[in-house]
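Trainee: Below is a structure I'd like to ask you about.
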Amino acid sequence: GQLEKGGFPHFMLKEIFEQPECINDCMRGRINGTLHEVTLSAVNDHKEQLLNAQRFVIVACGTSWHAGLIGKQLIETFCRIPVEVEYASEFRYRNPVLTNRDVVIAISQSGETADTLAAVELAKSQGAFVYGICNAVGSSIPRITDSGSYIHVGPEIGVASTKAFTGQVTVLTMFALTLGKEKGEISTADYNRIIDELLQIPEKITEVLKQNESIASLSRIFTYAHNFLYLGRGYSYPVALEGALKLKEISYIHAEGYPAAEMKHGPIALVDTEMPVVVIATQNAMYEKIVSNVQETKARKGHIIALINKQDTVIRKIADECIEIPETLECLEPLVTTIPLQLLAYHIAVCKGKDVDQPRNLAKSVTVE
Ligand code: G6P
């Protein structure tokens, strides 16, 4: 009923708005801002297995798989250990090469997804150490993994995952920082700076949430659309995939996420006046590259919705619509840029009169394969 939705019309919107608090809950007791220390107790308890890992293999499905793609970049950057990210449903059936020096990370909100659970069982039977990143306490995956960290974001009811995604990315960030520090692969200056910035993420999400009304009015333009393209590079590429997934899940508009530079090898053929193109164009190391991707899109008359920083002047002039994103470190940007894409999908679906909390054909927890 209305009461459990805390005054919000849908669980999804409530869960989107809970994210500043959820991320604080997720970091609580794990980050000490004064001492500049991140401690995931499970990482400490299994230092030896984790430090000696020759490779990480992340297994997950859906939104959790997108969090895994961000985790890959975080772990490779800060720990310098190679990471593969696999769909659990593919991994489990292809006789994967695994050794006892591989660490498998299973990411699952529900902890009950049949394919992810089977991937964990397979990994264990091959002697790999398995680390779980789950939300539902006491669910099947955390019960059979060797170790793991809960994301502590509270029950997620909306079928389209929102706060679990940002919680998973927060845990993966803390995981990479804890291990990277132990491995000596991250400088003290970087480590301290990332911790300071991570602690500010909840406030920055609150800033983005203040644009809810303007995102809602912007969304009305797009109810006509049959296709959407989402583009991003680096850390923003998985965010583009996640933005596209949110839109298709609840609005039933076909959407595709793509690495912005790869667009010229296919999707650009689809761009015309009828094609909204969402571009994550924050001012990081990839900015200049993204500018030219936006110009290529504009030249084909795509309708551009850009996520930009306040001081942006270049993309602001080319894009048709802009959403402002508070500045943060590149490696933490997904935690902020994901929020407006959740809101965009939500409002487009609401405008189209769709049941956002219970989209057709989808289940919250897929316990059959
Ligand atoms: C279903 C849900 C998605 C979720 C996926 C994986 O498809 O609708 O929101 O991302 O399963 O679920 P898990 O619980 O393993 O994260």
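Quick note on naming: the chains in the structure tokens go A, B, ... in the order shown, residues restart at 1 in each chain, and ligands are numbered from 1 in order of appearance.
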Around ligand 1, out to 9 Å and counting only C-alpha atoms and all ligand atoms, which residues are there? I want them as an MDAnalysis selection string.
Mentor: chainID A and resid 60:66 106:117 134:136 158:162 164:165 246 249 362:367
Trainee: Using C-alpha atoms, can you write the selected residues to a file as an mmCIF file, in the first residue's frame?
Mentor:
data_model
loop_
_atom_site.group_PDB
_atom_site.id
_atom_site.type_symbol
_atom_site.label_atom_id
_atom_site.label_comp_id
_atom_site.auth_asym_id
_atom_site.auth_seq_id
_atom_site.Cartn_x
_atom_site.Cartn_y
_atom_site.Cartn_z
ATOM 1 C CA ALA A 60 26.259 -12.333 -12.395
ATOM 2 C CA CYS A 61 23.066 -11.652 -14.362
ATOM 3 C CA GLY A 62 21.177 -8.533 -15.412
ATOM 4 C CA THR A 63 21.911 -5.355 -13.514
ATOM 5 C CA SER A 64 24.335 -7.194 -11.228
ATOM 6 C CA TRP A 65 26.374 -8.097 -14.321
ATOM 7 C CA HIS A 66 26.607 -4.381 -15.168
ATOM 8 C CA ALA A 106 29.311 -13.746 -7.503
ATOM 9 C CA ILE A 107 27.148 -10.620 -7.531
ATOM 10 C CA SER A 108 23.428 -10.997 -6.840
ATOM 11 C CA GLN A 109 20.865 -8.731 -5.234
ATOM 12 C CA SER A 110 18.487 -11.562 -4.323
ATOM 13 C CA GLY A 111 21.155 -14.180 -3.687
ATOM 14 C CA GLU A 112 18.728 -16.618 -5.345
ATOM 15 C CA THR A 113 19.263 -16.276 -9.099
ATOM 16 C CA ALA A 114 19.432 -19.870 -10.368
ATOM 17 C CA ASP A 115 22.182 -19.316 -12.936
ATOM 18 C CA THR A 116 24.409 -17.387 -10.524
ATOM 19 C CA LEU A 117 23.897 -20.007 -7.847
ATOM 20 C CA CYS A 134 24.671 -9.894 -2.174
ATOM 21 C CA ASN A 135 21.841 -7.935 -0.637
ATOM 22 C CA ALA A 136 19.372 -10.483 0.768
ATOM 23 C CA GLY A 158 10.761 -2.730 -7.605
ATOM 24 C CA VAL A 159 11.569 -5.344 -10.244
ATOM 25 C CA ALA A 160 13.977 -2.948 -11.974
ATOM 26 C CA SER A 161 17.043 -2.847 -9.751
ATOM 27 C CA THR A 162 18.217 0.612 -8.652
ATOM 28 C CA ALA A 164 21.097 -2.586 -5.288
ATOM 29 C CA PHE A 165 23.167 -1.529 -8.303
ATOM 30 C CA LYS A 246 16.290 0.257 -17.136
ATOM 31 C CA GLU A 249 12.604 -3.202 -18.573
ATOM 32 C CA LEU A 362 9.936 -9.940 -15.699
ATOM 33 C CA ALA A 363 10.523 -11.314 -12.214
ATOM 34 C CA LYS A 364 12.367 -9.815 -9.292
ATOM 35 C CA SER A 365 14.211 -12.972 -8.592
ATOM 36 C CA VAL A 366 14.732 -15.554 -11.335
ATOM 37 C CA THR A 367 14.976 -18.849 -9.492
#
Trainee: Neighbouring residues of A:His152 were defined as those with any atom within 10 Å, considering only C-alpha atoms; residues of the same chain fewer than 6 positions away were excluded. Please report them as a ChimeraX atom specification.
Mentor: /A:22-28,134-137,164,167-168,171
Trainee: I need the residue nearest A:Gly232 from this list: A:Ile253, A:Ile195, A:Leu307, A:Val169. Use only C-alpha atoms for the distance.
Mentor: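 That would be A:Leu307, the residue with the smallest distance to A:Gly232.
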Trainee: Kindly provide the residues of stretch 147-243 of chain A that approach stretch 272-293 of chain A to within 10 Å, each paired with its closest atom pair and their distance in Å to one decimal, based on only C-alpha atoms, listed by chain and increasing number, as CSV.
Mentor:
residue,atom,partner,partner_atom,distance
A:Ile221,CA,A:Pro276,CA,9.9
A:Phe222,CA,A:Pro276,CA,7.8
A:Tyr224,CA,A:Glu274,CA,8.9
A:Ala225,CA,A:Glu274,CA,6.9
A:His226,CA,A:Met275,CA,8.1
A:Asn227,CA,A:Met275,CA,6.3
A:Phe228,CA,A:Pro276,CA,5.3
A:Leu229,CA,A:Val277,CA,4.7
A:Tyr230,CA,A:Val278,CA,4.7
A:Leu231,CA,A:Val279,CA,4.8
A:Gly232,CA,A:Ile280,CA,5.2
A:Arg233,CA,A:Met286,CA,7.1
A:Gly234,CA,A:Met286,CA,7.6
A:Tyr235,CA,A:Met286,CA,9.9
A:Ser236,CA,A:Ile280,CA,6.5
A:Tyr237,CA,A:Ile280,CA,8.4
A:Val239,CA,A:Ile280,CA,8.3
A:Ala240,CA,A:Ile280,CA,7.4
A:Gly243,CA,A:Val278,CA,8.8
Trainee: Taking only stretch 98-308 of chain A into account, list the residues labelled alpha helix (DSSP H) by DSSP (computed from the backbone), as a PyMOL selection string.
Mentor: chain A and resi 114-125+140-144+163-183+188-209+212-219+236-251+287-299
Trainee: Keeping C-alpha atoms, export the residues of the selection given above as a compact mmCIF listing (two decimals), in the first residue's frame.
Mentor:
# COMPACT_ATOMS: atom_id res chain seq x y z
CA ALA A 114 19.43 -19.87 -10.37
CA ASP A 115 22.18 -19.32 -12.94
CA THR A 116 24.41 -17.39 -10.52
CA LEU A 117 23.90 -20.01 -7.85
CA ALA A 118 24.85 -22.76 -10.31
CA ALA A 119 27.93 -20.77 -11.38
CA VAL A 120 29.01 -20.59 -7.73
CA GLU A 121 28.54 -24.33 -7.29
CA LEU A 122 30.57 -25.02 -10.40
CA ALA A 123 33.37 -22.65 -9.29
CA LYS A 124 33.53 -24.33 -5.89
CA SER A 125 33.67 -27.78 -7.42
CA SER A 140 21.26 -19.12 -0.98
CA ILE A 141 24.37 -17.56 -2.56
CA PRO A 142 25.84 -16.06 0.64
CA ARG A 143 25.18 -19.40 2.34
CA ILE A 144 27.41 -21.36 -0.04
CA LYS A 163 19.64 0.93 -5.15
CA ALA A 164 21.10 -2.59 -5.29
CA PHE A 165 23.17 -1.53 -8.30
CA THR A 166 24.70 1.50 -6.57
CA GLY A 167 25.20 -0.62 -3.42
CA GLN A 168 27.03 -3.28 -5.45
CA VAL A 169 29.26 -0.66 -7.07
CA THR A 170 29.99 0.85 -3.64
CA VAL A 171 31.05 -2.55 -2.26
CA LEU A 172 33.16 -3.25 -5.35
CA THR A 173 34.87 0.12 -4.87
CA MET A 174 35.63 -0.69 -1.22
CA PHE A 175 36.79 -4.16 -2.23
CA ALA A 176 39.22 -2.77 -4.85
CA LEU A 177 40.52 -0.13 -2.44
CA THR A 178 41.05 -2.56 0.44
CA LEU A 179 42.83 -5.09 -1.73
CA GLY A 180 44.73 -2.49 -3.78
CA LYS A 181 46.14 -0.98 -0.60
CA GLU A 182 47.19 -4.42 0.67
CA LYS A 183 48.83 -5.17 -2.66
CA THR A 188 48.44 6.69 -0.40
CA ALA A 189 47.50 9.97 -2.06
CA ASP A 190 45.07 8.29 -4.48
CA TYR A 191 43.68 6.05 -1.75
CA ASN A 192 43.00 9.01 0.53
CA ARG A 193 41.49 11.10 -2.24
CA ILE A 194 39.15 8.31 -3.34
CA ILE A 195 37.99 7.77 0.25
CA ASP A 196 37.27 11.49 0.68
CA GLU A 197 35.32 11.56 -2.57
CA LEU A 198 33.48 8.31 -1.87
CA LEU A 199 32.19 9.76 1.39
CA GLN A 200 30.74 12.68 -0.57
CA ILE A 201 28.86 10.51 -3.06
CA PRO A 202 25.59 10.41 -1.05
CA GLU A 203 25.43 14.24 -1.11
CA LYS A 204 26.18 14.32 -4.80
CA ILE A 205 23.37 11.85 -5.47
CA THR A 206 21.07 14.13 -3.45
CA GLU A 207 22.09 16.96 -5.81
CA VAL A 208 21.09 14.89 -8.83
CA LEU A 209 17.79 13.88 -7.22
CA ASN A 212 13.74 14.93 -10.58
CA GLU A 213 11.07 17.42 -11.71
CA SER A 214 13.05 18.61 -14.71
CA ILE A 215 13.88 15.04 -15.71
CA ALA A 216 10.16 14.24 -15.40
CA SER A 217 9.19 17.04 -17.78
CA LEU A 218 11.98 16.13 -20.18
CA SER A 219 10.72 12.54 -20.22
CA SER A 236 30.55 5.15 -18.18
CA TYR A 237 30.14 2.33 -20.68
CA PRO A 238 28.54 -0.06 -18.15
CA VAL A 239 26.39 2.88 -17.00
CA ALA A 240 25.16 3.23 -20.60
CA LEU A 241 24.27 -0.49 -20.61
CA GLU A 242 22.44 -0.12 -17.30
CA GLY A 243 20.56 3.00 -18.47
CA ALA A 244 19.39 1.13 -21.57
CA LEU A 245 18.36 -1.90 -19.52
CA LYS A 246 16.29 0.26 -17.14
CA LEU A 247 14.44 1.82 -20.06
CA LYS A 248 13.60 -1.45 -21.79
CA GLU A 249 12.60 -3.20 -18.57
CA ILE A 250 9.91 -0.74 -17.58
CA SER A 251 8.93 1.37 -20.61
CA TYR A 287 35.93 13.98 -22.55
CA GLU A 288 37.54 15.09 -25.82
CA LYS A 289 36.77 11.72 -27.36
CA ILE A 290 33.17 11.91 -26.23
CA VAL A 291 32.84 15.39 -27.75
CA SER A 292 33.64 13.99 -31.18
CA ASN A 293 31.22 11.08 -30.67
CA VAL A 294 28.51 13.63 -29.83
CA GLN A 295 29.36 15.66 -32.94
CA GLU A 296 29.11 12.53 -35.10
CA THR A 297 25.69 11.83 -33.60
CA LYS A 298 24.48 15.40 -34.07
CA ALA A 299 25.61 15.38 -37.70
Trainee: Quick one: residues within 6 Å of A:Gly148, only C-alpha atoms, excluding same-chain residues fewer than 3 positions away - as a list of chain:residue names?
Mentor: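 Surrounding residues, per the criterion: A:Ala42, A:Tyr131, A:Gly132, A:Ile133.
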Trainee: Could you save the residues just selected, with N, CA and C atoms, as a compact mmCIF listing (two decimals), in the first residue's frame?
Mentor:
# COMPACT_ATOMS: atom_id res chain seq x y z
N ALA A 42 35.61 -9.07 5.37
CA ALA A 42 35.79 -10.33 4.64
C ALA A 42 37.09 -10.34 3.83
N TYR A 131 33.67 -15.52 -3.60
CA TYR A 131 33.33 -14.36 -2.78
C TYR A 131 31.98 -13.83 -3.26
N GLY A 132 31.04 -13.66 -2.36
CA GLY A 132 29.70 -13.19 -2.75
C GLY A 132 29.50 -11.71 -2.45
N ILE A 133 28.77 -11.03 -3.34
CA ILE A 133 28.35 -9.65 -3.06
C ILE A 133 26.84 -9.64 -3.24
Trainee: So which bits of stretch 9-214 of chain A end up strand (DSSP E) when you DSSP the backbone, as a PyMOL selection string?
Mentor: chain A and resi 31-32+37-38+55-60+83-87+102-108+129-134+147-150
Trainee: So how many Å separate atom CA of A:Leu329 and atom CA of A:Leu341, to one decimal?
Mentor: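 If I compute the distance from atom CA of A:Leu329 to atom CA of A:Leu341, I get 19.0 Å.
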Trainee: Could you check how far atom CA of A:Leu343 sits from atom CA of A:Gln2, in Å to one decimal?
Mentor: 20.0 Å
Trainee: State, in Å with one decimal place, the distance from atom CA of A:Ile325 to atom CA of A:Pro20.
Mentor: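 Between these atoms lies a distance of 14.9 Å.
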Trainee: Taking only C-alpha atoms into account, name the residue in A:Tyr150, A:His254, A:Glu327, A:Val43 that is nearest to A:Ala345.
Mentor: A:His254
